[in-house]
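**Student:** What follows is model-v7.txt; its format and atoms are compact mmCIF, C-alpha atoms.
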# COMPACT_ATOMS: atom_id res chain seq x y z
CA MET T 1 -34.18 -76.95 32.90
CA THR T 2 -33.63 -73.50 34.34
CA GLN T 3 -33.41 -70.31 32.35
CA PRO T 4 -30.76 -67.72 33.17
CA ILE T 5 -32.10 -64.64 34.88
CA THR T 6 -31.77 -61.50 32.81
CA TYR T 7 -32.42 -57.94 33.90
CA SER T 8 -32.00 -54.35 32.83
CA PHE T 9 -31.60 -50.97 34.46
CA GLU T 10 -33.85 -48.05 33.56
CA PHE T 11 -32.90 -44.38 33.83
CA PHE T 12 -34.67 -41.06 33.58
CA PRO T 13 -33.03 -38.84 30.96
CA PRO T 14 -30.91 -36.17 32.65
CA LYS T 15 -31.99 -32.52 32.57
CA THR T 16 -28.66 -30.85 33.28
CA VAL T 17 -24.97 -31.18 32.43
CA GLU T 18 -24.38 -32.34 36.00
CA GLY T 19 -27.16 -34.91 35.55
CA ILE T 20 -25.49 -36.22 32.39
CA ALA T 21 -22.23 -36.73 34.31
CA ASN T 22 -24.06 -38.38 37.24
CA LEU T 23 -25.91 -40.73 34.91
CA ARG T 24 -22.69 -41.74 33.16
CA GLU T 25 -21.08 -42.49 36.53
CA ALA T 26 -24.09 -44.53 37.67
CA ARG T 27 -24.20 -46.41 34.37
CA LEU T 28 -20.54 -47.36 34.61
CA ALA T 29 -21.04 -48.56 38.18
CA LEU T 30 -24.07 -50.66 37.18
CA ALA T 31 -22.46 -52.05 34.02
CA LYS T 32 -20.25 -54.31 36.13
CA TYR T 33 -23.41 -56.33 36.93
CA LYS T 34 -23.75 -57.10 33.20
CA PRO T 35 -27.37 -56.14 32.57
CA GLU T 36 -29.00 -57.37 29.36
CA PHE T 37 -29.56 -53.72 28.41
CA PHE T 38 -30.20 -50.23 29.74
CA SER T 39 -33.48 -48.44 29.08
CA VAL T 40 -34.35 -44.76 29.27
CA THR T 41 -37.80 -43.50 30.27
CA PHE T 42 -39.66 -41.70 27.51
CA GLY T 43 -41.83 -39.55 29.78
CA ALA T 44 -45.60 -39.25 29.81
CA GLY T 45 -46.87 -38.20 26.42
CA GLY T 46 -43.32 -38.11 25.07
CA SER T 47 -42.36 -35.18 27.30
CA THR T 48 -38.68 -36.18 27.37
CA ARG T 49 -38.46 -37.49 23.80
CA ASP T 50 -35.33 -35.62 22.68
CA ARG T 51 -33.45 -36.17 25.94
CA THR T 52 -34.43 -39.84 25.87
CA MET T 53 -33.11 -40.24 22.32
CA ASP T 54 -29.87 -38.43 23.15
CA THR T 55 -29.33 -40.58 26.24
CA VAL T 56 -30.05 -43.86 24.43
CA PHE T 57 -27.64 -42.93 21.62
CA GLU T 58 -24.96 -41.97 24.17
CA ILE T 59 -25.31 -45.33 25.94
CA GLN T 60 -25.16 -47.17 22.62
CA ALA T 61 -22.05 -45.20 21.61
CA GLU T 62 -20.36 -46.49 24.78
CA GLY T 63 -20.94 -50.04 23.54
CA TYR T 64 -23.92 -51.01 25.69
CA ALA T 65 -27.30 -52.24 24.50
CA ALA T 66 -29.89 -49.55 25.15
CA ALA T 67 -33.53 -48.90 24.30
CA PRO T 68 -36.13 -46.24 24.97
CA HIS T 69 -39.09 -47.08 27.18
CA ILE T 70 -41.60 -45.50 24.81
CA SER T 71 -44.94 -44.17 25.98
CA CYS T 72 -47.55 -44.36 23.23
CA ILE T 73 -49.88 -41.84 24.87
CA SER T 74 -50.41 -38.77 22.66
CA SER T 75 -48.43 -40.34 19.80
CA SER T 76 -49.77 -41.47 16.45
CA LYS T 77 -48.90 -44.81 14.89
CA GLU T 78 -46.73 -42.95 12.38
CA GLU T 79 -44.83 -41.13 15.14
CA ILE T 80 -44.16 -44.39 16.97
CA CYS T 81 -42.94 -46.07 13.76
CA GLU T 82 -40.67 -43.08 13.07
CA LEU T 83 -39.19 -43.32 16.57
CA LEU T 84 -38.62 -47.05 16.31
CA ASN T 85 -36.89 -46.62 12.97
CA ALA T 86 -34.57 -44.01 14.53
CA TYR T 87 -33.29 -46.60 16.99
Hey, can you dump this file as structure tokens for me?
**Tutor:**
Amino acid sequence: MTQPITYSFEFFPPKTVEGIANLREARLALAKYKPEFFSVTFGAGGSTRDRTMDTVFEIQAEGYAAAPHISCISSSKEEICELLNAY
């Protein structure tokens, strides 16, 4: 018995308005390949936390499954639980 192959695409959260538009365009182009989900890099030590959250929520609002790729470095257990509950 063979299992279907699943995959996802991971993005870095954009830093600029132009980057937001470019990411949306790339996401729409990649969506035709029907990934299981999209993920967004969290950044070392949570350096892109807010942009990651915004990007994940934007992707979800477009109807796609999305998740953050969370880095646990420099984060307490409570902070990680809070983040997970936000998603």
**Student:** Taking only C-alpha atoms into account, which of T:Tyr7, T:Ser75, T:Ile70, T:Asn85 comes nearest Phe37 in chain T?
**Tutor:**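 Nearest to Phe37 in chain T: T:Tyr7.
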**Student:** Write out as a VMD selection string which residues come within 8 Å of range 47-60 of chain T when counting all atoms listed in the file, dropping same-chain ones fewer than 6 positions away.
**Tutor:** chain T and resid 12 to 15 38 to 41 66 to 68
**Student:** Considering all atoms listed in the file, can you say which of T:Gln3, T:Ser76, T:Thr16, T:Ser8 comes closest to Tyr64 in chain T?
**Tutor:**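 Residue with the minimum atom-to-atom distance to Tyr64 in chain T: T:Ser8.
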**Student:** Using only C-alpha atoms, pick whichever of T:Ile5, T:Cys72, T:Leu28, T:Ala65 has the shortest atom-to-atom distance to Tyr87 in chain T.
**Tutor:**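 Among T:Ile5, T:Cys72, T:Leu28, T:Ala65, it is T:Ala65 that comes nearest to Tyr87 in chain T.
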**Student:** Just checking: using all atoms listed in the file, which residue out of T:Phe9, T:Tyr33, T:Glu62, T:Phe42 ends up closest to Leu83 in chain T?
**Tutor:**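 Among the listed residues, T:Phe42 lies closest to Leu83 in chain T.
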**Student:** Could you please determine the separation between CA of Lys34 in chain T and CA of Ile20 in chain T in Å, to one decimal place?
**Tutor:**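 Here the two named atoms are 21.0 Å from each other.
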**Student:** Looking at all atoms listed in the file, which of T:Gly43, T:Cys81, T:Pro4, T:Gly63 is the one that sits closest to Ala31 in chain T?
**Tutor:**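 Among T:Gly43, T:Cys81, T:Pro4, T:Gly63, it is T:Gly63 that comes nearest to Ala31 in chain T.
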